[in-house]
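File shown: upload.tsv (TSV, C-alpha atoms).
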chain	number	residue	atom	x	y	z
A	1	MET	CA	-40.28	85.11	-46.38
A	2	VAL	CA	-43.07	83.64	-48.51
A	3	ALA	CA	-40.55	81.90	-50.76
A	4	LEU	CA	-38.82	80.53	-47.67
A	5	THR	CA	-42.04	78.95	-46.41
A	6	GLY	CA	-42.20	76.84	-49.55
A	7	ALA	CA	-38.49	76.09	-49.70
A	8	ILE	CA	-38.20	74.99	-46.09
A	9	SER	CA	-40.92	72.33	-46.33
A	10	PRO	CA	-39.54	68.79	-46.83
A	11	GLY	CA	-39.95	67.63	-50.40
A	12	PRO	CA	-38.16	66.05	-53.37
A	13	LEU	CA	-36.02	69.13	-54.08
A	14	LEU	CA	-34.79	69.27	-50.49
A	15	THR	CA	-33.93	65.58	-50.50
A	16	TYR	CA	-32.19	65.91	-53.86
A	17	THR	CA	-30.11	68.83	-52.55
A	18	ILE	CA	-28.98	66.87	-49.50
A	19	VAL	CA	-28.08	63.85	-51.62
A	20	LYS	CA	-26.13	65.83	-54.22
A	21	SER	CA	-24.32	67.83	-51.53
A	22	VAL	CA	-23.17	64.67	-49.79
A	23	GLN	CA	-22.13	62.97	-53.02
A	24	THR	CA	-20.30	65.94	-54.55
A	25	LYS	CA	-16.69	65.63	-53.42
A	26	LYS	CA	-15.51	69.00	-54.72
A	27	ARG	CA	-17.28	72.09	-53.34
A	28	GLY	CA	-20.37	70.16	-52.40
A	29	TYR	CA	-21.31	72.98	-50.05
A	30	LEU	CA	-22.16	75.08	-53.13
A	31	THR	CA	-24.61	72.51	-54.52
A	32	GLY	CA	-27.58	74.49	-53.26
A	33	ILE	CA	-26.63	77.39	-55.55
A	34	TRP	CA	-26.69	75.21	-58.66
A	35	VAL	CA	-29.92	73.46	-57.66
A	36	ILE	CA	-31.66	76.79	-57.16
A	37	ALA	CA	-30.19	78.05	-60.45
A	38	GLY	CA	-32.16	75.34	-62.25
A	39	HIS	CA	-35.17	76.03	-60.05
A	40	ALA	CA	-34.92	79.76	-60.88
A	41	LEU	CA	-34.81	79.09	-64.62
A	42	LEU	CA	-38.10	77.24	-64.37
A	43	GLU	CA	-39.66	79.97	-62.26
A	44	ALA	CA	-38.50	82.67	-64.68
A	45	GLY	CA	-40.33	80.76	-67.38
A	46	ILE	CA	-43.59	80.50	-65.47
A	47	ILE	CA	-43.47	84.19	-64.50
A	48	ILE	CA	-43.10	85.14	-68.16
A	49	PHE	CA	-45.94	82.75	-69.02
A	50	LEU	CA	-48.22	84.27	-66.41
A	51	LEU	CA	-47.42	87.82	-67.49
A	52	LEU	CA	-48.05	87.01	-71.15
A	53	GLY	CA	-51.15	84.91	-70.65
A	54	PHE	CA	-52.88	86.74	-67.83
A	55	SER	CA	-52.03	90.40	-68.42
A	56	PHE	CA	-55.70	91.16	-69.06
A	57	ILE	CA	-56.59	90.54	-65.43
A	58	LEU	CA	-54.84	93.74	-64.40
A	59	LYS	CA	-57.72	95.66	-65.99
A	60	ASN	CA	-60.57	93.75	-64.35
A	61	ALA	CA	-61.44	94.65	-60.75
A	62	ILE	CA	-63.59	91.56	-60.20
A	63	ILE	CA	-60.87	89.16	-61.37
A	64	ILE	CA	-58.25	90.98	-59.28
A	65	ARG	CA	-60.39	90.60	-56.17
A	66	ILE	CA	-61.16	86.96	-56.91
A	67	ILE	CA	-57.48	86.11	-57.40
A	68	GLY	CA	-56.53	88.05	-54.27
A	69	THR	CA	-59.18	86.26	-52.24
A	70	VAL	CA	-58.32	82.79	-53.57
A	71	GLY	CA	-54.58	83.36	-53.17
A	72	GLY	CA	-55.11	84.68	-49.65
A	73	ILE	CA	-57.28	81.72	-48.66
A	74	ILE	CA	-54.74	79.23	-49.99
A	75	LEU	CA	-51.92	81.05	-48.21
A	76	ILE	CA	-53.89	80.99	-44.95
A	77	PHE	CA	-54.71	77.30	-45.49
A	78	PHE	CA	-51.04	76.37	-45.98
A	79	GLY	CA	-50.06	78.42	-42.94
A	80	LEU	CA	-52.68	76.75	-40.77
A	81	SER	CA	-51.65	73.34	-42.14
A	82	ILE	CA	-48.06	73.97	-41.09
A	83	LEU	CA	-49.09	75.02	-37.57
A	84	ARG	CA	-51.46	72.05	-37.30
A	85	ASP	CA	-48.80	69.57	-38.41
A	86	ILE	CA	-46.31	71.08	-35.95
A	87	HIS	CA	-48.85	70.74	-33.15
A	88	LYS	CA	-49.55	67.12	-34.08
A	89	ASN	CA	-45.87	66.39	-34.75
A	90	ASN	CA	-46.80	65.22	-38.25
A	91	ILE	CA	-43.96	66.91	-40.13
A	92	SER	CA	-41.34	64.38	-41.16
A	93	THR	CA	-37.82	65.14	-39.96
A	94	ASP	CA	-36.22	61.94	-41.25
A	95	PHE	CA	-34.04	64.01	-43.57
A	96	LEU	CA	-32.41	65.62	-40.51
A	97	ASN	CA	-30.79	62.32	-39.61
A	98	ASN	CA	-30.06	61.04	-43.11
A	99	SER	CA	-26.28	60.73	-42.86
A	100	ALA	CA	-25.74	57.23	-44.22
A	101	PRO	CA	-24.06	57.23	-47.66
A	102	GLU	CA	-25.93	54.06	-48.56
A	103	ALA	CA	-29.27	55.73	-47.89
A	104	CYS	CA	-28.20	58.69	-49.99
A	105	GLU	CA	-27.29	56.40	-52.87
A	106	VAL	CA	-30.68	54.68	-52.78
A	107	GLU	CA	-32.53	57.99	-52.51
A	108	ASN	CA	-30.55	59.45	-55.38
A	109	ARG	CA	-31.46	56.50	-57.63
A	110	ASN	CA	-35.11	56.88	-56.67
A	111	LEU	CA	-35.07	60.59	-57.43
A	112	SER	CA	-33.03	60.60	-60.60
A	113	GLY	CA	-34.42	57.62	-62.47
A	114	GLY	CA	-31.13	57.56	-64.32
A	115	ASN	CA	-28.56	60.22	-65.11
A	116	LYS	CA	-30.91	63.09	-66.04
A	117	THR	CA	-30.53	64.73	-62.65
A	118	GLY	CA	-26.78	64.15	-62.36
A	119	ASN	CA	-26.22	67.83	-63.10
A	120	PRO	CA	-27.62	69.83	-60.14
A	121	VAL	CA	-28.89	72.64	-62.40
A	122	ILE	CA	-30.84	70.20	-64.58
A	123	GLY	CA	-31.92	68.29	-61.48
A	124	GLY	CA	-33.21	71.46	-59.82
A	125	PHE	CA	-35.20	72.24	-62.96
A	126	LEU	CA	-36.70	68.79	-63.50
A	127	ILE	CA	-37.49	67.98	-59.88
A	128	SER	CA	-39.12	71.37	-59.31
A	129	MET	CA	-41.28	70.86	-62.39
A	130	SER	CA	-42.39	67.45	-61.12
A	131	ASN	CA	-43.68	68.82	-57.82
A	132	PRO	CA	-47.48	69.43	-57.93
A	133	TYR	CA	-47.24	71.84	-54.99
A	134	TRP	CA	-44.98	74.08	-57.07
A	135	TRP	CA	-47.56	74.39	-59.84
A	136	ILE	CA	-50.39	75.04	-57.37
A	137	TRP	CA	-48.36	77.76	-55.63
A	138	TRP	CA	-47.65	79.65	-58.85
A	139	VAL	CA	-51.13	79.56	-60.41
A	140	THR	CA	-52.70	80.72	-57.14
A	141	ILE	CA	-50.43	82.50	-54.65
A	142	GLY	CA	-47.78	83.50	-57.20
A	143	LEU	CA	-50.37	84.90	-59.60
A	144	ALA	CA	-52.07	86.73	-56.73
A	145	PHE	CA	-48.75	88.40	-55.86
A	146	ILE	CA	-48.25	89.46	-59.47
A	147	VAL	CA	-51.70	91.02	-59.60
A	148	GLN	CA	-51.62	92.58	-56.14
A	149	PHE	CA	-48.32	94.38	-56.70
A	150	GLU	CA	-49.01	95.20	-60.36
A	151	ILE	CA	-45.97	93.35	-61.64
A	152	SER	CA	-45.52	93.58	-65.41
A	153	PHE	CA	-42.87	93.87	-68.12
A	154	ARG	CA	-43.34	97.64	-68.11
A	155	GLN	CA	-42.75	97.75	-64.36
A	156	TRP	CA	-39.38	96.07	-64.74
A	157	LEU	CA	-38.07	97.20	-61.34
A	158	LYS	CA	-41.03	95.53	-59.62
A	159	LEU	CA	-40.55	92.46	-61.78
A	160	ALA	CA	-36.84	92.25	-60.92
A	161	ALA	CA	-37.52	92.80	-57.21
A	162	PHE	CA	-40.24	90.14	-57.18
A	163	PHE	CA	-38.11	87.56	-59.00
A	164	LEU	CA	-34.86	88.22	-57.13
A	165	GLY	CA	-36.63	88.44	-53.78
A	166	HIS	CA	-38.39	85.16	-54.39
A	167	GLU	CA	-35.24	83.35	-55.47
A	168	ALA	CA	-33.30	84.81	-52.53
A	169	GLY	CA	-35.59	82.97	-50.12
A	170	ASP	CA	-34.96	79.68	-51.93
A	171	LEU	CA	-31.23	80.31	-52.18
A	172	VAL	CA	-30.73	81.11	-48.49
A	173	TRP	CA	-32.33	77.85	-47.33
A	174	TYR	CA	-30.90	75.49	-49.93
A	175	LEU	CA	-27.40	76.92	-49.65
A	176	LEU	CA	-27.61	76.40	-45.88
A	177	VAL	CA	-28.81	72.82	-46.40
A	178	SER	CA	-26.03	72.03	-48.89
A	179	MET	CA	-23.39	73.55	-46.61
A	180	LEU	CA	-24.53	71.56	-43.58
A	181	SER	CA	-24.83	68.35	-45.60
A	182	SER	CA	-21.46	68.72	-47.32
A	183	TRP	CA	-19.60	69.57	-44.15
A	184	GLY	CA	-20.97	66.50	-42.39
A	185	ALA	CA	-23.50	68.24	-40.17
A	186	HIS	CA	-26.44	66.13	-41.27
A	187	ARG	CA	-28.48	66.95	-38.21
A	188	ILE	CA	-30.44	70.17	-37.84
A	189	ASN	CA	-32.06	70.57	-34.44
A	190	LYS	CA	-35.70	69.49	-34.65
A	191	LYS	CA	-36.96	72.20	-32.29
A	192	THR	CA	-35.18	74.88	-34.29
A	193	TYR	CA	-36.60	73.50	-37.52
A	194	TYR	CA	-40.12	73.44	-36.08
A	195	GLY	CA	-39.63	76.96	-34.71
A	196	ILE	CA	-38.68	78.29	-38.15
A	197	LEU	CA	-41.68	76.53	-39.69
A	198	ALA	CA	-43.99	78.01	-37.05
A	199	VAL	CA	-42.78	81.55	-37.74
A	200	CYS	CA	-43.18	81.01	-41.49
A	201	GLY	CA	-46.64	79.48	-41.01
A	202	LEU	CA	-47.77	82.46	-38.96
A	203	PHE	CA	-46.35	84.83	-41.56
A	204	MET	CA	-48.27	82.97	-44.29
A	205	ILE	CA	-51.53	83.40	-42.37
A	206	LEU	CA	-51.00	87.12	-41.75
A	207	PHE	CA	-49.92	87.80	-45.32
A	208	GLY	CA	-52.81	85.70	-46.62
A	209	ILE	CA	-55.24	87.89	-44.69
A	210	TYR	CA	-53.59	90.98	-46.16
A	211	LEU	CA	-53.63	89.53	-49.65
A	212	GLY	CA	-57.32	88.66	-49.43
A	213	VAL	CA	-58.54	91.89	-47.83
A	214	SER	CA	-56.40	94.56	-49.52
A	215	PRO	CA	-58.09	94.40	-52.98
A	216	PHE	CA	-61.37	95.39	-51.31
A	217	MET	CA	-59.80	98.25	-49.34
A	218	THR	CA	-58.67	100.26	-52.37
A	219	ASP	CA	-60.35	101.50	-55.51
A	220	ILE	CA	-59.37	99.42	-58.54
A	221	VAL	CA	-59.75	101.01	-61.94

For the structure just supplied, provide its representation as structure tokens.
Amino acid sequence: MVALTGAISPGPLLTYTIVKSVQTKKRGYLTGIWVIAGHALLEAGIIIFLLLGFSFILKNAIIIRIIGTVGGIILIFFGLSILRDIHKNNISTDFLNNSAPEACEVENRNLSGGNKTGNPVIGGFLISMSNPYWWIWWVTIGLAFIVQFEISFRQWLKLAAFFLGHEAGDLVWYLLVSMLSSWGAHRINKKTYYGILAVCGLFMILFGIYLGVSPFMTDIV
């Protein structure tokens, strides 16, 4: 659910997926899988980096509580921002009506800057890495999750569940987007889209509260 809240928000990776799905003549409906494959490679790298560079925090109660609090606050902030933008109708839904091939061509040139993102796996990797929101999410909320649930290389089942669960949220949304785009259904109902965002925003707020409060409710050695 948390991964889905990030994936569902309009951004460069979403636009790239729509463009590539429309342009891919053979099995374009599977484009979302390849885009998220590149995205997952990058996220596997940052998870390993966090586990190697920040393993010491698992032994410090103060740091654990600080990270939990900061991650919870940011999660609540993003959730409230989503609900606020829905209320003010500030969330762009232009991509829902982007069915013109010419527009897709222009957008693809703007996103790719050449042929580097011609391969959807490479494109998913590069475009994800270029998104500042992605970096902010991982060094705050992502790190807070790792600490809160004691994810480590020794706890490989937790690590696998965390990684696969996170990527599953991305995969579900982007595969749906690529299928709808490739099959010509370029229009997703705006009310439905806003409804999904509202549920995800509320979930972010509730989970943010849990993430911020739970480190203070248990004894940390």

**Request:** Identify, on the basis of all atoms listed in the file, every residue whose closest approach to Ala161 of chain A does not exceed 12 Å; exclude the query and any residue fewer than 4 positions from it along the same chain; express the result as a PyMOL selection string.
**Result:** chain A and resi 146+149+151-152+155-157+165-168

**Given all atoms listed in the file as the counted atoms, nearest of A:Ile8, A:Leu42, A:Leu75, A:Ile62 to Ile127 of chain A** =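 Among A:Ile8, A:Leu42, A:Leu75, A:Ile62, it is A:Leu42 that comes nearest to Ile127 of chain A.
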
Open item on the list: Using Å and a single decimal, report how far atom CA of Gln148 of chain A sits from atom CA of Gly71 of chain A.
Closed with: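 For atom CA of Gly71 of chain A relative to atom CA of Gln148 of chain A, the distance reads 10.1 Å.
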
**Request:** Report the distance between atom CA of Leu159 of chain A and atom CA of Val177 of chain A in Å, rounded to one decimal place.
**Result:**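 Result for atom CA of Leu159 of chain A versus atom CA of Val177 of chain A: 27.6 Å, one decimal.
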
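As for atom CA of Ser21 of chain A and atom CA of Leu197 of chain A, they are spaced 22.7 Å apart.
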
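Taking all atoms listed in the file into account, Gly169 of chain A lies nearest to A:Ala7 out of the set A:Asn89, A:Phe153, A:Tyr194, A:Ala7.
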
_I'd like the contact shell of Val22 of chain A - 7 Å cut-off, all atoms listed in the file, skipping same-chain residues fewer than 5 positions apart - returned as number ranges by chain._
A: 28, 181-182

**Q.** Residue contacts of segment 116-126 of chain A (12 Å, all atoms listed in the file) excluding same-chain residues fewer than 5 positions away, as a PyMOL selection string
**A.** chain A and resi 12-21+23-24+28+30-45+108-111+131+134+170-171+174+178

Between A:Lys26, A:Ile74, A:Val2, A:Gly195, which has the minimum distance to Val139 of chain A (counting all atoms listed in the file)?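 Looking at the shortest contact to Val139 of chain A, the residue is A:Ile74.
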
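If all atoms listed in the file are the atoms counted, then among A:Asn189, A:Leu80, A:Pro215, A:Leu4 the closest residue to Glu150 of chain A is A:Pro215.
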
* To do: Tell me which protein, DNA and RNA residues are within 12 Å of Phe77 of chain A, counting only C-alpha atoms, leaving out same-chain ones fewer than 6 positions away, and put them as a list of chain:residue names.
  =>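 Counting only C-alpha atoms, the residues come to A:Val70, A:Gly71, A:Leu83, A:Arg84, A:Trp137, A:Ile141, A:Gly201, A:Leu202, A:Phe203, A:Met204, A:Ile205, A:Leu206, A:Phe207, A:Gly208, A:Ile209.
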
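Using only C-alpha atoms, the nearest neighbour of Gly6 of chain A within the list A:Leu180, A:Thr192, A:Phe163, A:Trp135 is A:Trp135.
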